[in-house]
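Single-structure report; data block below.
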Amino acid sequence: MIRLFVGLELPAKLRERLAGLGAGIEGVRWVDEENLHLTLRFIGEVDEAQAEDIVEALDRVQVPPFRIVLDGLGTFGAGVRLRAVWVAVQPSPPLEALHRKIERAVVRAGLPAEGRRFVPHVTLARLGSVAAREKLGPFIAYNAGFRSRPIRVSSFTLFQSFLTGEGADYVAVERFDLALEEA
Ligand code: ATP
Ligand code: MG
C-alpha cells in the first residue's frame, strides 16, 4: 500500500522563510523545510491500481493558474489540546475551486468523500512536549503578522508520504499542470 495526498508545493524561498520562523524553539516537531506544503486532499493508504485511477482522475482536473497569499497563523486545538500550528491562507475562491475539483476527482476514482471542511493551511509544527506548548503562545503572537508575497499556483502535486519515526517524508510522485486555456 502507498500513502498518498494531494497538495501544493511551495517556492524554496518561502519554505526557507517559514522554516526560519521556528528556529530556536525546541521540543516542537517542526516540519522540515523541504517538507513544507499545503494539503489539498489527504488520500491515505491505497494500492497500486487505486493509485493509477487517482492519477487518471487528477489528470482531468483543470482550473486556470492563480495566486494565493499566506497570511497569519492558526492552530488546530487550543490550550492543552493544541495539536498543530500553521500558516493560514487568505480566502481564495480559485483555491476552493481547485480543491472542489480534486475532491470530485478522487471520489470519481472510488475514494470515500471527505466529510470535513477544507481549511487550507501550511503546517509549521506539531506538538511535542507540554513544555513546548507553553512556548508556542508567544511564538504565535509574535508571528501573527506573517504574510507572504503572492504565490503563483500553476500546478498541484500528488505526494507519497513515508512515515518514519521522526516525522514523515514526502515525495512528489506526479505533478499536474494548470493551463491558462482548457485543452
Ligand atoms: P505524521 O502523521 O507522522 O505526523 P504527517 O501528518 O506529516 O506525519 P501524513 O499523515 O502522511 O504525514 O499526512 C500527509 C499530509 O496530509 C499532512 O499535510 C497532513 O497534515 C495531512 N493529513 C493527514 N491526515 C489527514 C486527514 N485525515 N485529513 C486531512 N489532512 C490530513
Ligand atoms: Mg499524519
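Just remember, in the C-alpha cells the first chain shown is A, the second B, etc., residues are 1-based per chain, and ligands are 1-based in the order shown.
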Compute the set of protein, DNA and RNA residues whose minimum atom distance to ligand 1 is at most 6 Å, using only C-alpha atoms and all ligand atoms, and state it as a ChimeraX atom specification.
/A:5,39,42,161,163,167-168
Would you give me, as JSON lines, each residue of region 100-166 of chain A having an atom within 9 Å of an atom of region 61-80 of chain A, along with its shortest atom pair and that distance in Å to one decimal, using only C-alpha atoms and sorting by chain and residue number?
{"residue": "A:Lys101", "atom": "CA", "partner": "A:Val61", "partner_atom": "CA", "distance": 6.2}
{"residue": "A:Ile102", "atom": "CA", "partner": "A:Val61", "partner_atom": "CA", "distance": 6.5}
{"residue": "A:Ala105", "atom": "CA", "partner": "A:Val61", "partner_atom": "CA", "distance": 7.1}
{"residue": "A:His121", "atom": "CA", "partner": "A:Leu70", "partner_atom": "CA", "distance": 8.3}
{"residue": "A:Val122", "atom": "CA", "partner": "A:Leu70", "partner_atom": "CA", "distance": 8.5}
{"residue": "A:Thr123", "atom": "CA", "partner": "A:Thr75", "partner_atom": "CA", "distance": 8.9}
{"residue": "A:Val130", "atom": "CA", "partner": "A:Val80", "partner_atom": "CA", "distance": 8.0}
{"residue": "A:Arg133", "atom": "CA", "partner": "A:Val80", "partner_atom": "CA", "distance": 7.6}
{"residue": "A:Glu134", "atom": "CA", "partner": "A:Gly79", "partner_atom": "CA", "distance": 8.8}
{"residue": "A:Gly137", "atom": "CA", "partner": "A:Gly79", "partner_atom": "CA", "distance": 8.9}
{"residue": "A:Ile140", "atom": "CA", "partner": "A:Leu73", "partner_atom": "CA", "distance": 6.5}
{"residue": "A:Ala141", "atom": "CA", "partner": "A:Leu73", "partner_atom": "CA", "distance": 8.6}
{"residue": "A:Asn143", "atom": "CA", "partner": "A:Leu73", "partner_atom": "CA", "distance": 7.0}
{"residue": "A:Ala144", "atom": "CA", "partner": "A:Gly72", "partner_atom": "CA", "distance": 5.0}
{"residue": "A:Gly145", "atom": "CA", "partner": "A:Gly72", "partner_atom": "CA", "distance": 5.5}
{"residue": "A:Phe146", "atom": "CA", "partner": "A:Gly72", "partner_atom": "CA", "distance": 5.2}
{"residue": "A:Arg147", "atom": "CA", "partner": "A:Asp71", "partner_atom": "CA", "distance": 4.3}
{"residue": "A:Ser148", "atom": "CA", "partner": "A:Leu70", "partner_atom": "CA", "distance": 5.1}
{"residue": "A:Arg149", "atom": "CA", "partner": "A:Val69", "partner_atom": "CA", "distance": 6.2}
{"residue": "A:Pro150", "atom": "CA", "partner": "A:Val69", "partner_atom": "CA", "distance": 4.8}
{"residue": "A:Ile151", "atom": "CA", "partner": "A:Arg67", "partner_atom": "CA", "distance": 5.2}
{"residue": "A:Arg152", "atom": "CA", "partner": "A:Arg67", "partner_atom": "CA", "distance": 4.4}
{"residue": "A:Val153", "atom": "CA", "partner": "A:Phe66", "partner_atom": "CA", "distance": 5.4}
{"residue": "A:Ser154", "atom": "CA", "partner": "A:Pro65", "partner_atom": "CA", "distance": 4.7}
{"residue": "A:Ser155", "atom": "CA", "partner": "A:Pro65", "partner_atom": "CA", "distance": 7.5}
Selected residues written out with N, CA and C atoms, as an mmCIF file, in the first residue's frame:
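Writing done, so here's selection29.cif:
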data_model
loop_
_atom_site.group_PDB
_atom_site.id
_atom_site.type_symbol
_atom_site.label_atom_id
_atom_site.label_comp_id
_atom_site.auth_asym_id
_atom_site.auth_seq_id
_atom_site.Cartn_x
_atom_site.Cartn_y
_atom_site.Cartn_z
ATOM 1 N N LYS A 101 -12.644 20.473 -7.243
ATOM 2 C CA LYS A 101 -12.459 19.600 -8.406
ATOM 3 C C LYS A 101 -11.607 18.381 -8.049
ATOM 4 N N ILE A 102 -10.617 18.587 -7.199
ATOM 5 C CA ILE A 102 -9.780 17.462 -6.767
ATOM 6 C C ILE A 102 -10.619 16.497 -5.937
ATOM 7 N N ALA A 105 -12.671 14.520 -8.198
ATOM 8 C CA ALA A 105 -11.847 13.564 -8.953
ATOM 9 C C ALA A 105 -11.533 12.325 -8.108
ATOM 10 N N HIS A 121 -4.103 25.357 4.775
ATOM 11 C CA HIS A 121 -3.074 25.809 5.716
ATOM 12 C C HIS A 121 -1.747 25.140 5.391
ATOM 13 N N VAL A 122 -0.681 25.729 5.901
ATOM 14 C CA VAL A 122 0.647 25.131 5.804
ATOM 15 C C VAL A 122 1.096 24.838 7.234
ATOM 16 N N THR A 123 1.152 23.552 7.565
ATOM 17 C CA THR A 123 1.537 23.188 8.933
ATOM 18 C C THR A 123 3.007 23.497 9.158
ATOM 19 N N VAL A 130 4.718 19.027 26.551
ATOM 20 C CA VAL A 130 3.840 20.010 27.191
ATOM 21 C C VAL A 130 4.566 21.342 27.352
ATOM 22 N N ARG A 133 4.399 23.466 24.364
ATOM 23 C CA ARG A 133 3.109 24.112 24.156
ATOM 24 C C ARG A 133 3.129 25.531 24.739
ATOM 25 N N GLU A 134 3.790 25.660 25.877
ATOM 26 C CA GLU A 134 3.830 26.976 26.521
ATOM 27 C C GLU A 134 4.638 27.994 25.723
ATOM 28 N N GLY A 137 2.545 29.834 22.474
ATOM 29 C CA GLY A 137 1.682 31.016 22.619
ATOM 30 C C GLY A 137 2.421 32.266 22.181
ATOM 31 N N ILE A 140 3.200 32.262 18.437
ATOM 32 C CA ILE A 140 2.050 32.588 17.592
ATOM 33 C C ILE A 140 1.784 34.094 17.626
ATOM 34 N N ALA A 141 1.840 34.665 18.836
ATOM 35 C CA ALA A 141 1.602 36.113 18.958
ATOM 36 C C ALA A 141 2.645 36.886 18.159
ATOM 37 N N ASN A 143 4.383 35.973 15.581
ATOM 38 C CA ASN A 143 4.340 35.783 14.128
ATOM 39 C C ASN A 143 2.955 36.005 13.516
ATOM 40 N N ALA A 144 2.050 36.527 14.321
ATOM 41 C CA ALA A 144 0.660 36.685 13.853
ATOM 42 C C ALA A 144 0.591 37.530 12.577
ATOM 43 N N GLY A 145 1.540 38.437 12.421
ATOM 44 C CA GLY A 145 1.520 39.313 11.254
ATOM 45 C C GLY A 145 2.213 38.733 10.038
ATOM 46 N N PHE A 146 2.589 37.467 10.099
ATOM 47 C CA PHE A 146 3.285 36.870 8.950
ATOM 48 C C PHE A 146 2.425 36.969 7.697
ATOM 49 N N ARG A 147 3.061 37.393 6.633
ATOM 50 C CA ARG A 147 2.357 37.439 5.357
ATOM 51 C C ARG A 147 3.353 37.148 4.242
ATOM 52 N N SER A 148 2.939 36.326 3.280
ATOM 53 C CA SER A 148 3.834 36.016 2.153
ATOM 54 C C SER A 148 3.547 36.970 1.002
ATOM 55 N N ARG A 149 4.423 36.957 0.047
ATOM 56 C CA ARG A 149 4.112 37.592 -1.232
ATOM 57 C C ARG A 149 3.073 36.713 -1.927
ATOM 58 N N PRO A 150 2.422 37.218 -2.958
ATOM 59 C CA PRO A 150 1.516 36.346 -3.717
ATOM 60 C C PRO A 150 2.311 35.168 -4.305
ATOM 61 N N ILE A 151 1.785 33.985 -4.119
ATOM 62 C CA ILE A 151 2.441 32.766 -4.605
ATOM 63 C C ILE A 151 1.659 32.272 -5.821
ATOM 64 N N ARG A 152 2.365 32.086 -6.915
ATOM 65 C CA ARG A 152 1.705 31.625 -8.123
ATOM 66 C C ARG A 152 1.482 30.117 -8.042
ATOM 67 N N VAL A 153 0.255 29.713 -8.271
ATOM 68 C CA VAL A 153 -0.077 28.277 -8.268
ATOM 69 C C VAL A 153 -0.322 27.872 -9.708
ATOM 70 N N SER A 154 0.639 27.132 -10.280
ATOM 71 C CA SER A 154 0.492 26.740 -11.678
ATOM 72 C C SER A 154 0.518 25.219 -11.829
ATOM 73 N N SER A 155 0.551 24.526 -10.676
ATOM 74 C CA SER A 155 0.439 23.070 -10.713
ATOM 75 C C SER A 155 0.030 22.587 -9.326
#
| Using the chain letters and numbers from this document, which residues of region 106-163 of chain A does DSSP assign to strand (DSSP E), as an MDAnalysis selection string? | chainID A and resid 121:127 151:153 155:163
As a check of understanding: the span from CA of Val28 (chain A) to CA of Leu4 (chain A) is 24.7 Å
Nearest candidate to Tyr170 (chain A) (options A:Arg81, A:Arg3, A:Arg116, A:Lys13; using only C-alpha atoms):
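Closest candidate: A:Arg3.
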message: According to DSSP computed on the backbone, where in chain A is there alpha helix (DSSP H)? Give the residues as a PyMOL selection string.
response: chain A and resi 12-21+48-59+93-108+130-143
Save the residues we just selected, C-alpha atoms, as a compact mmCIF listing (two decimals), in the first residue's frame?
# COMPACT_ATOMS: atom_id res chain seq x y z
CA ALA A 12 12.01 27.31 -1.95
CA LYS A 13 12.47 30.88 -0.69
CA LEU A 14 9.13 30.83 1.05
CA ARG A 15 9.88 27.44 2.63
CA GLU A 16 13.16 28.84 3.87
CA ARG A 17 11.40 31.81 5.42
CA LEU A 18 8.73 29.62 7.01
CA ALA A 19 11.31 27.21 8.40
CA GLY A 20 13.17 30.16 9.91
CA LEU A 21 10.20 31.26 11.98
CA GLU A 48 -1.26 0.47 -6.95
CA ALA A 49 -4.43 0.06 -9.01
CA GLN A 50 -6.27 2.66 -6.96
CA ALA A 51 -3.29 4.98 -7.20
CA GLU A 52 -3.42 4.69 -11.00
CA ASP A 53 -7.14 5.51 -11.03
CA ILE A 54 -6.46 8.53 -8.85
CA VAL A 55 -3.71 9.78 -11.17
CA GLU A 56 -6.02 9.37 -14.14
CA ALA A 57 -8.81 11.30 -12.42
CA LEU A 58 -6.48 14.06 -11.24
CA ASP A 59 -5.13 14.40 -14.76
CA PRO A 93 -12.15 31.24 -4.45
CA PRO A 94 -9.75 29.75 -7.07
CA LEU A 95 -8.12 27.59 -4.39
CA GLU A 96 -11.58 26.48 -3.23
CA ALA A 97 -12.46 25.65 -6.84
CA LEU A 98 -9.29 23.59 -7.28
CA HIS A 99 -9.99 21.80 -4.02
CA ARG A 100 -13.57 21.05 -5.08
CA LYS A 101 -12.46 19.60 -8.41
CA ILE A 102 -9.78 17.46 -6.77
CA GLU A 103 -12.34 16.23 -4.25
CA ARG A 104 -14.68 15.27 -7.09
CA ALA A 105 -11.85 13.56 -8.95
CA VAL A 106 -10.78 11.36 -6.06
CA VAL A 107 -14.39 10.40 -5.35
CA ARG A 108 -14.75 9.52 -9.04
CA VAL A 130 3.84 20.01 27.19
CA ALA A 131 6.63 22.48 27.87
CA ALA A 132 6.79 23.25 24.16
CA ARG A 133 3.11 24.11 24.16
CA GLU A 134 3.83 26.98 26.52
CA LYS A 135 6.42 28.41 24.17
CA LEU A 136 4.04 28.35 21.25
CA GLY A 137 1.68 31.02 22.62
CA PRO A 138 4.36 33.71 22.39
CA PHE A 139 5.54 32.25 19.05
CA ILE A 140 2.05 32.59 17.59
CA ALA A 141 1.60 36.11 18.96
CA TYR A 142 5.00 37.15 17.62
CA ASN A 143 4.34 35.78 14.13
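Closest approach to ligand 2 among A:Val119, A:Ser92, A:Glu114, A:Ile43: A:Ile43, based on only C-alpha atoms and all ligand atoms.
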